[in-house]
file coords_30.pdb (PDB, C-alpha atoms, pLDDT in the B column)
MODEL        1
ATOM      1  CA  MET A  82     -14.215  -1.482  11.338  1.00 78.00           C
ATOM      2  CA  ASP A  83     -12.650   1.977  11.609  1.00 82.00           C
ATOM      3  CA  PHE A  84      -9.329   0.392  12.495  1.00 79.00           C
ATOM      4  CA  LEU A  85      -8.983  -0.809   8.879  1.00 80.00           C
ATOM      5  CA  ALA A  86      -8.449   2.800   7.855  1.00 82.00           C
ATOM      6  CA  GLN A  87      -5.583   3.261  10.302  1.00 86.00           C
ATOM      7  CA  ALA A  88      -2.014   2.999   8.965  1.00 87.00           C
ATOM      8  CA  ASP A  89      -0.828   1.985  12.452  1.00 90.00           C
ATOM      9  CA  TRP A  90      -3.141  -1.042  12.375  1.00 93.00           C
ATOM     10  CA  TRP A  91      -1.806  -2.198   8.999  1.00 95.00           C
ATOM     11  CA  ARG A  92       1.796  -1.657  10.131  1.00 94.00           C
ATOM     12  CA  ALA A  93       1.130  -3.836  13.175  1.00 95.00           C
ATOM     13  CA  PHE A  94      -0.701  -6.419  11.049  1.00 96.00           C
ATOM     14  CA  PHE A  95       2.131  -6.797   8.525  1.00 97.00           C
ATOM     15  CA  ARG A  96       4.780  -6.855  11.282  1.00 96.00           C
ATOM     16  CA  TRP A  97       2.858  -9.730  12.912  1.00 97.00           C
ATOM     17  CA  ALA A  98       2.436 -11.547   9.554  1.00 98.00           C
ATOM     18  CA  HIS A  99       6.136 -11.003   8.734  1.00 98.00           C
ATOM     19  CA  VAL A 100       7.190 -12.554  12.057  1.00 97.00           C
ATOM     20  CA  ILE A 101       4.814 -15.537  11.710  1.00 98.00           C
ATOM     21  CA  ALA A 102       6.045 -16.281   8.173  1.00 98.00           C
ATOM     22  CA  GLY A 103       9.628 -15.753   9.339  1.00 98.00           C
ATOM     23  CA  ILE A 104       9.221 -18.321  12.124  1.00 98.00           C
ATOM     24  CA  MET A 105       7.718 -20.735   9.596  1.00 98.00           C
ATOM     25  CA  TRP A 106      10.794 -20.245   7.385  1.00 98.00           C
ATOM     26  CA  ILE A 107      13.659 -20.114   9.891  1.00 98.00           C
ATOM     27  CA  GLY A 108      12.000 -22.761  12.066  1.00 98.00           C
ATOM     28  CA  HIS A 109      12.174 -25.217   9.176  1.00 98.00           C
ATOM     29  CA  LEU A 110      15.695 -24.069   8.245  1.00 98.00           C
ATOM     30  CA  TRP A 111      16.886 -24.834  11.763  1.00 98.00           C
ATOM     31  CA  TYR A 112      14.935 -28.110  11.802  1.00 97.00           C
ATOM     32  CA  PHE A 113      16.790 -29.191   8.643  1.00 96.00           C
ATOM     33  CA  ASN A 114      20.217 -28.172   9.964  1.00 97.00           C
ATOM     34  CA  PHE A 115      19.934 -28.901  13.681  1.00 96.00           C
ATOM     35  CA  THR A 116      17.794 -32.049  13.518  1.00 95.00           C
ATOM     36  CA  GLN A 117      17.254 -33.718  10.162  1.00 94.00           C
ATOM     37  CA  THR A 118      20.681 -33.449   8.492  1.00 93.00           C
ATOM     38  CA  PRO A 119      22.681 -34.696  11.518  1.00 93.00           C
ATOM     39  CA  THR A 120      20.146 -37.493  12.207  1.00 94.00           C
ATOM     40  CA  VAL A 121      19.498 -39.010   8.762  1.00 92.00           C
ATOM     41  CA  PRO A 122      22.929 -40.741   8.549  1.00 91.00           C
ATOM     42  CA  LYS A 123      22.065 -42.543  11.820  1.00 94.00           C
ATOM     43  CA  ILE A 124      18.776 -43.902  10.423  1.00 94.00           C
ATOM     44  CA  PRO A 125      18.909 -47.470   9.018  1.00 94.00           C
ATOM     45  CA  ALA A 126      19.006 -47.321   5.209  1.00 92.00           C
ATOM     46  CA  GLU A 127      15.675 -49.108   4.778  1.00 94.00           C
ATOM     47  CA  MET A 128      13.923 -46.436   6.899  1.00 93.00           C
ATOM     48  CA  ARG A 129      15.408 -43.370   5.181  1.00 91.00           C
ATOM     49  CA  PRO A 130      12.834 -43.273   2.359  1.00 91.00           C
ATOM     50  CA  ALA A 131      10.240 -42.339   4.995  1.00 93.00           C
ATOM     51  CA  VAL A 132      12.138 -39.091   5.572  1.00 92.00           C
ATOM     52  CA  VAL A 133      12.881 -38.355   1.909  1.00 90.00           C
ATOM     53  CA  ARG A 134       9.465 -39.307   0.509  1.00 90.00           C
ATOM     54  CA  TYR A 135       7.132 -38.100   3.253  1.00 93.00           C
ATOM     55  CA  ILE A 136       8.688 -35.641   5.734  1.00 94.00           C
ATOM     56  CA  LEU A 137      11.082 -33.775   3.431  1.00 94.00           C
ATOM     57  CA  PRO A 138       8.571 -32.749   0.706  1.00 94.00           C
ATOM     58  CA  GLU A 139       6.123 -31.455   3.326  1.00 96.00           C
ATOM     59  CA  ALA A 140       8.822 -29.584   5.256  1.00 96.00           C
ATOM     60  CA  LEU A 141      10.165 -28.073   2.020  1.00 96.00           C
ATOM     61  CA  PHE A 142       6.670 -26.801   1.145  1.00 98.00           C
ATOM     62  CA  TRP A 143       6.292 -24.791   4.381  1.00 98.00           C
ATOM     63  CA  PHE A 144       9.992 -23.809   4.234  1.00 98.00           C
ATOM     64  CA  ARG A 145      10.008 -22.238   0.772  1.00 98.00           C
ATOM     65  CA  TRP A 146       6.591 -20.592   0.999  1.00 98.00           C
ATOM     66  CA  GLY A 147       7.466 -19.313   4.472  1.00 98.00           C
ATOM     67  CA  ALA A 148      10.506 -17.679   2.844  1.00 98.00           C
ATOM     68  CA  MET A 149       8.368 -16.158   0.081  1.00 98.00           C
ATOM     69  CA  LEU A 150       5.744 -14.731   2.463  1.00 98.00           C
ATOM     70  CA  THR A 151       8.415 -13.415   4.847  1.00 98.00           C
ATOM     71  CA  LEU A 152       9.968 -11.449   1.983  1.00 98.00           C
ATOM     72  CA  ILE A 153       6.634 -10.124   0.674  1.00 98.00           C
ATOM     73  CA  PHE A 154       5.281  -9.119   4.104  1.00 98.00           C
ATOM     74  CA  GLY A 155       8.663  -7.595   5.013  1.00 97.00           C
ATOM     75  CA  LEU A 156       8.745  -5.431   1.896  1.00 97.00           C
ATOM     76  CA  ILE A 157       5.167  -4.272   2.521  1.00 97.00           C
ATOM     77  CA  LEU A 158       6.051  -3.466   6.148  1.00 96.00           C
ATOM     78  CA  ALA A 159       9.136  -1.463   5.152  1.00 96.00           C
ATOM     79  CA  TRP A 160       7.040   0.425   2.587  1.00 96.00           C
ATOM     80  CA  LEU A 161       4.305   1.198   5.147  1.00 95.00           C
ATOM     81  CA  ASN A 162       7.002   2.349   7.579  1.00 93.00           C
ATOM     82  CA  GLY A 163       8.267   4.740   4.906  1.00 93.00           C
ATOM     83  CA  TYR A 164      11.855   3.491   4.783  1.00 94.00           C
ATOM     84  CA  LEU A 165      11.851   0.839   2.047  1.00 95.00           C
ATOM     85  CA  LEU A 166      14.253   2.578  -0.349  1.00 96.00           C
ATOM     86  CA  GLN A 167      16.338   4.131   2.438  1.00 95.00           C
ATOM     87  CA  ALA A 168      16.822   0.673   4.012  1.00 95.00           C
ATOM     88  CA  ILE A 169      17.737  -0.907   0.665  1.00 96.00           C
ATOM     89  CA  GLY A 170      20.375   1.851   0.513  1.00 95.00           C
ATOM     90  CA  LEU A 171      21.575   0.744   4.006  1.00 95.00           C
ATOM     91  CA  GLY A 172      20.545   4.087   5.465  1.00 92.00           C
ATOM     92  CA  ILE A 173      23.420   5.872   3.722  1.00 93.00           C
ATOM     93  CA  GLY A 174      22.624   9.559   3.664  1.00 89.00           C
ATOM     94  CA  GLY A 175      21.823  10.010   7.340  1.00 87.00           C
ATOM     95  CA  TYR A 176      18.642   8.034   7.999  1.00 91.00           C
ATOM     96  CA  GLY A 177      19.865   6.715  11.345  1.00 91.00           C
ATOM     97  CA  PRO A 178      21.069   3.421  12.796  1.00 92.00           C
ATOM     98  CA  ARG A 179      17.650   1.745  12.849  1.00 93.00           C
ATOM     99  CA  VAL A 180      17.268   2.090   9.070  1.00 94.00           C
ATOM    100  CA  THR A 181      20.893   0.998   8.508  1.00 95.00           C
ATOM    101  CA  SER A 182      20.281  -2.027  10.705  1.00 95.00           C
ATOM    102  CA  ILE A 183      16.991  -3.015   9.059  1.00 96.00           C
ATOM    103  CA  GLY A 184      18.655  -2.515   5.662  1.00 96.00           C
ATOM    104  CA  TRP A 185      21.411  -4.991   6.492  1.00 97.00           C
ATOM    105  CA  GLY A 186      18.757  -7.410   7.738  1.00 97.00           C
ATOM    106  CA  MET A 187      16.820  -6.976   4.495  1.00 97.00           C
ATOM    107  CA  TRP A 188      19.882  -7.696   2.362  1.00 98.00           C
ATOM    108  CA  LEU A 189      20.863 -10.768   4.375  1.00 98.00           C
ATOM    109  CA  GLY A 190      17.242 -11.977   4.247  1.00 98.00           C
ATOM    110  CA  ALA A 191      17.112 -11.380   0.491  1.00 98.00           C
ATOM    111  CA  ILE A 192      20.301 -13.419  -0.028  1.00 98.00           C
ATOM    112  CA  MET A 193      18.785 -16.206   2.068  1.00 98.00           C
ATOM    113  CA  TRP A 194      15.523 -16.021   0.079  1.00 98.00           C
ATOM    114  CA  PHE A 195      17.549 -16.314  -3.154  1.00 98.00           C
ATOM    115  CA  ASN A 196      19.357 -19.363  -1.777  1.00 97.00           C
ATOM    116  CA  VAL A 197      16.025 -20.988  -0.908  1.00 98.00           C
ATOM    117  CA  TRP A 198      14.370 -20.476  -4.280  1.00 98.00           C
ATOM    118  CA  PHE A 199      17.346 -20.734  -6.666  1.00 97.00           C
ATOM    119  CA  LEU A 200      19.748 -23.168  -4.951  1.00 96.00           C
ATOM    120  CA  ILE A 201      18.021 -25.218  -2.261  1.00 96.00           C
ATOM    121  CA  TRP A 202      14.625 -25.871  -3.848  1.00 96.00           C
ATOM    122  CA  PRO A 203      15.800 -26.695  -7.430  1.00 95.00           C
ATOM    123  CA  ASN A 204      18.383 -29.120  -6.027  1.00 95.00           C
ATOM    124  CA  GLN A 205      16.045 -30.631  -3.445  1.00 94.00           C
ATOM    125  CA  LYS A 206      13.581 -31.324  -6.277  1.00 94.00           C
ATOM    126  CA  LYS A 207      16.198 -33.709  -7.678  1.00 94.00           C
ATOM    127  CA  VAL A 208      16.702 -35.304  -4.250  1.00 91.00           C
ATOM    128  CA  ILE A 209      12.988 -35.977  -3.668  1.00 90.00           C
ATOM    129  CA  GLY A 210      12.456 -37.074  -7.274  1.00 90.00           C
ATOM    130  CA  LEU A 211      10.310 -34.224  -8.614  1.00 89.00           C
ATOM    131  CA  THR A 212      13.019 -33.587 -11.231  1.00 90.00           C
ATOM    132  CA  SER A 213      14.615 -36.526 -13.026  1.00 90.00           C
ATOM    133  CA  ALA A 214      18.336 -36.908 -12.292  1.00 90.00           C
ATOM    134  CA  THR A 215      21.059 -39.536 -12.386  1.00 90.00           C
ATOM    135  CA  PRO A 216      22.418 -40.872  -9.059  1.00 90.00           C
ATOM    136  CA  ASP A 217      25.529 -38.695  -9.528  1.00 91.00           C
ATOM    137  CA  GLU A 218      23.352 -35.637 -10.126  1.00 91.00           C
ATOM    138  CA  VAL A 219      21.300 -36.449  -7.038  1.00 92.00           C
ATOM    139  CA  ASN A 220      24.464 -36.669  -4.914  1.00 92.00           C
ATOM    140  CA  SER A 221      25.707 -33.366  -6.306  1.00 93.00           C
ATOM    141  CA  ALA A 222      22.289 -31.775  -5.786  1.00 94.00           C
ATOM    142  CA  ARG A 223      22.181 -32.978  -2.175  1.00 92.00           C
ATOM    143  CA  ARG A 224      25.619 -31.455  -1.576  1.00 93.00           C
ATOM    144  CA  ILE A 225      24.747 -28.052  -3.068  1.00 94.00           C
ATOM    145  CA  ALA A 226      21.379 -27.870  -1.306  1.00 94.00           C
ATOM    146  CA  GLY A 227      23.052 -28.820   1.970  1.00 94.00           C
ATOM    147  CA  LEU A 228      25.776 -26.193   1.613  1.00 95.00           C
ATOM    148  CA  ALA A 229      23.292 -23.462   0.692  1.00 96.00           C
ATOM    149  CA  SER A 230      21.172 -24.475   3.674  1.00 97.00           C
ATOM    150  CA  ARG A 231      24.213 -24.238   5.970  1.00 96.00           C
ATOM    151  CA  VAL A 232      25.082 -20.824   4.531  1.00 97.00           C
ATOM    152  CA  ASN A 233      21.559 -19.697   5.380  1.00 97.00           C
ATOM    153  CA  THR A 234      21.880 -21.092   8.921  1.00 98.00           C
ATOM    154  CA  MET A 235      25.095 -19.089   9.334  1.00 97.00           C
ATOM    155  CA  LEU A 236      23.518 -15.919   7.885  1.00 98.00           C
ATOM    156  CA  SER A 237      20.341 -16.283   9.970  1.00 98.00           C
ATOM    157  CA  ILE A 238      22.297 -15.320  13.124  1.00 98.00           C
ATOM    158  CA  PRO A 239      23.542 -11.877  11.963  1.00 98.00           C
ATOM    159  CA  MET A 240      20.277 -11.408   9.999  1.00 98.00           C
ATOM    160  CA  LEU A 241      18.225 -11.698  13.203  1.00 97.00           C
ATOM    161  CA  TYR A 242      20.637  -9.327  14.976  1.00 96.00           C
ATOM    162  CA  ALA A 243      20.107  -6.738  12.236  1.00 96.00           C
ATOM    163  CA  MET A 244      16.343  -7.317  12.078  1.00 96.00           C
ATOM    164  CA  VAL A 245      15.546  -7.527  15.788  1.00 94.00           C
ATOM    165  CA  PHE A 246      18.326  -6.645  18.210  1.00 91.00           C
ATOM    166  CA  ALA A 247      19.942  -3.625  16.590  1.00 88.00           C
ATOM    167  CA  PRO A 248      16.846  -1.569  15.674  1.00 86.00           C
ATOM    168  CA  HIS A 249      15.390  -2.063  19.165  1.00 87.00           C
ATOM    169  CA  TYR A 250      18.728  -1.247  20.778  1.00 88.00           C
ATOM    170  CA  TYR A 251      18.889   1.978  18.772  1.00 87.00           C
ATOM    171  CA  GLY A 252      15.810   3.689  20.149  1.00 75.00           C
ATOM    172  CA  GLY A 253      13.183   0.983  20.429  1.00 58.00           C
ATOM    173  CA  MET A 254       9.767   0.973  18.800  1.00 46.00           C
ATOM    174  CA  GLN A 255       9.189   4.660  18.231  1.00 45.00           C
TER     175      GLN A 255
ATOM    176  CA  MET B 161      19.365 -21.464 -13.101  1.00 47.00           C
ATOM    177  CA  LEU B 162      22.562 -22.127 -11.191  1.00 51.00           C
ATOM    178  CA  SER B 163      24.040 -25.591 -11.545  1.00 54.00           C
ATOM    179  CA  THR B 164      26.965 -27.589 -10.218  1.00 52.00           C
ATOM    180  CA  GLY B 165      28.914 -26.446 -13.265  1.00 54.00           C
ATOM    181  CA  ASP B 166      29.010 -22.951 -11.753  1.00 54.00           C
ATOM    182  CA  TRP B 167      30.853 -24.276  -8.690  1.00 56.00           C
ATOM    183  CA  PRO B 168      34.274 -25.534  -9.949  1.00 55.00           C
ATOM    184  CA  ALA B 169      35.310 -27.141  -6.642  1.00 56.00           C
ATOM    185  CA  ILE B 170      32.102 -29.142  -6.501  1.00 53.00           C
ATOM    186  CA  LYS B 171      32.422 -30.099 -10.168  1.00 53.00           C
ATOM    187  CA  LYS B 172      35.846 -31.556  -9.430  1.00 56.00           C
ATOM    188  CA  GLY B 173      34.599 -33.287  -6.307  1.00 58.00           C
ATOM    189  CA  GLU B 174      36.903 -31.224  -4.103  1.00 62.00           C
ATOM    190  CA  GLN B 175      36.041 -29.874  -0.681  1.00 70.00           C
ATOM    191  CA  SER B 176      37.093 -26.308   0.058  1.00 78.00           C
ATOM    192  CA  GLY B 177      37.909 -24.955   3.513  1.00 84.00           C
ATOM    193  CA  MET B 178      34.591 -23.137   3.502  1.00 88.00           C
ATOM    194  CA  GLU B 179      32.744 -26.362   2.751  1.00 88.00           C
ATOM    195  CA  ALA B 180      34.575 -28.107   5.589  1.00 89.00           C
ATOM    196  CA  LEU B 181      33.410 -25.329   7.922  1.00 91.00           C
ATOM    197  CA  LEU B 182      29.823 -25.548   6.681  1.00 91.00           C
ATOM    198  CA  ASN B 183      29.797 -29.334   7.077  1.00 89.00           C
ATOM    199  CA  ASN B 184      30.376 -28.799  10.792  1.00 91.00           C
ATOM    200  CA  LEU B 185      27.212 -27.473  12.450  1.00 94.00           C
ATOM    201  CA  TRP B 186      28.990 -25.947  15.463  1.00 95.00           C
ATOM    202  CA  ALA B 187      31.585 -24.240  13.245  1.00 95.00           C
ATOM    203  CA  THR B 188      28.707 -22.841  11.175  1.00 95.00           C
ATOM    204  CA  ILE B 189      27.029 -21.434  14.297  1.00 96.00           C
ATOM    205  CA  ALA B 190      30.328 -19.987  15.553  1.00 96.00           C
ATOM    206  CA  ALA B 191      30.882 -18.336  12.156  1.00 96.00           C
ATOM    207  CA  GLY B 192      27.387 -16.859  12.428  1.00 97.00           C
ATOM    208  CA  PHE B 193      28.259 -15.250  15.761  1.00 97.00           C
ATOM    209  CA  VAL B 194      31.560 -13.915  14.385  1.00 97.00           C
ATOM    210  CA  LEU B 195      29.672 -12.391  11.446  1.00 97.00           C
ATOM    211  CA  THR B 196      27.225 -10.855  13.938  1.00 97.00           C
ATOM    212  CA  ILE B 197      30.060  -9.090  15.775  1.00 97.00           C
ATOM    213  CA  VAL B 198      31.418  -7.810  12.466  1.00 97.00           C
ATOM    214  CA  LEU B 199      27.956  -6.612  11.436  1.00 97.00           C
ATOM    215  CA  ALA B 200      27.377  -4.901  14.786  1.00 95.00           C
ATOM    216  CA  ILE B 201      30.600  -2.933  14.273  1.00 96.00           C
ATOM    217  CA  VAL B 202      29.678  -2.116  10.663  1.00 96.00           C
ATOM    218  CA  ILE B 203      26.240  -0.819  11.677  1.00 94.00           C
ATOM    219  CA  ARG B 204      27.812   1.221  14.460  1.00 92.00           C
ATOM    220  CA  VAL B 205      30.396   2.760  12.128  1.00 92.00           C
ATOM    221  CA  MET B 206      27.842   3.484   9.373  1.00 91.00           C
ATOM    222  CA  SER B 207      25.401   5.203  11.729  1.00 82.00           C
TER     223      SER B 207
ENDMDL
END
call {"tool": "encode", "arguments": {"input": "coords_30.pdb", "output": "structure tokens"}}
result
Amino acid sequence: MDFLAQADWWRAFFRWAHVIAGIMWIGHLWYFNFTQTPTVPKIPAEMRPAVVRYILPEALFWFRWGAMLTLIFGLILAWLNGYLLQAIGLGIGGYGPRVTSIGWGMWLGAIMWFNVWFLIWPNQKKVIGLTSATPDEVNSARRIAGLASRVNTMLSIPMLYAMVFAPHYYGGMQ
Amino acid sequence: MLSTGDWPAIKKGEQSGMEALLNNLWATIAAGFVLTIVLAIVIRVMS
């Protein structure tokens, strides 16, 4: 059990956990935007409740908690790597391109996390009936949640560049 | 908590150009790649 005392082991552990939670999160985000949203209008009206009442609540559970764990594990990883504050500061002050890149990824990820917990989830609660709302409010909630979800889909592309491509391009895993 | 009241265009039932873009999945993906190019340049310049 000596490995538990090694900082390298914990860094590797939290990197692995961060990636698993991130796949859980972004996988569901892309499922919503690439599969569910374009397909639901094609489903006969009498069959749509199956999606809204059964699939959507379950997918939203893994989606929002995936987002939460990704953020928590990511912050722990950045702290263990010794660049948490420098990355939040976008590496300004001469910390190198890898820290600048991870910092941009962290900010984009944090914006996406905010969208999940403060725009998508509160509005989706109205759509799936966890929060009482009038039909007009449900339509408005569906629109806002959908737009926030699309914003996150758009941001996920540069976020993954900043998180994965750029830091490896600038010197790899040193 | 944010509400629809914070988004004037949505409150009025209007659709902005940005919303039209986001309602199109392929336009959203294309915008993501454009933002990636911008970010790549920004990271390069900052480093």
call {"tool": "resolve_selection", "arguments": {"input": "coords_30.pdb", "expression": "the ChimeraX specification (/A :<6) & /B", "output": "ChimeraX atom specification"}}
result
/B:182,188-189,192,196,207
call {"tool": "residues_around", "arguments": {"input": "coords_30.pdb", "residues": "A:Ala102", "least_positions_apart": "3", "cutoff": "6 Å", "atoms": "only C-alpha atoms", "output": "PyMOL selection string"}}
result
chain A and resi 99+105+147+150-151
call {"tool": "write_last_selection", "arguments": {"input": "coords_30.pdb", "atoms": "C-alpha atoms", "output": "compact mmCIF listing (two decimals), in the frame of the given file"}}
result
# COMPACT_ATOMS: atom_id res chain seq x y z
CA HIS A 99 6.14 -11.00 8.73
CA MET A 105 7.72 -20.74 9.60
CA GLY A 147 7.47 -19.31 4.47
CA LEU A 150 5.74 -14.73 2.46
CA THR A 151 8.41 -13.42 4.85
call {"tool": "atom_distance", "arguments": {"input": "coords_30.pdb", "atom1": "atom CA of A:Glu139", "atom2": "atom CA of A:Val245"}}
result
28.6 Å
call {"tool": "residues_around", "arguments": {"input": "coords_30.pdb", "residues": "A:Gln117", "least_positions_apart": "5", "cutoff": "10 Å", "atoms": "all atoms listed in the file", "output": "VMD selection string"}}
result
chain A and resid 109 to 112 122 132 136 to 137
call {"tool": "atom_distance", "arguments": {"input": "coords_30.pdb", "atom1": "atom CA of A:Ala93", "atom2": "atom CA of A:Ile169"}}
result
21.0 Å
call {"tool": "atom_distance", "arguments": {"input": "coords_30.pdb", "atom1": "atom CA of A:Ile104", "atom2": "atom CA of A:Val219"}}
result
29.0 Å
call {"tool": "axis_aligned_box", "arguments": {"input": "coords_30.pdb", "around": "stretch 188-199 of chain B", "padding_each_side": "3 Å", "output": "lines of an AutoDock Vina configuration file"}}
result
center_x = 29.3
center_y = -14.7
center_z = 13.5
size_x = 10.5
size_y = 22.2
size_z = 10.6
call {"tool": "resolve_selection", "arguments": {"input": "coords_30.pdb", "expression": "the PyMOL selection byres ((chain A and resi 83-91) around 10)", "output": "ChimeraX atom specification"}}
result
/A:82,92-97,157-158,161-162
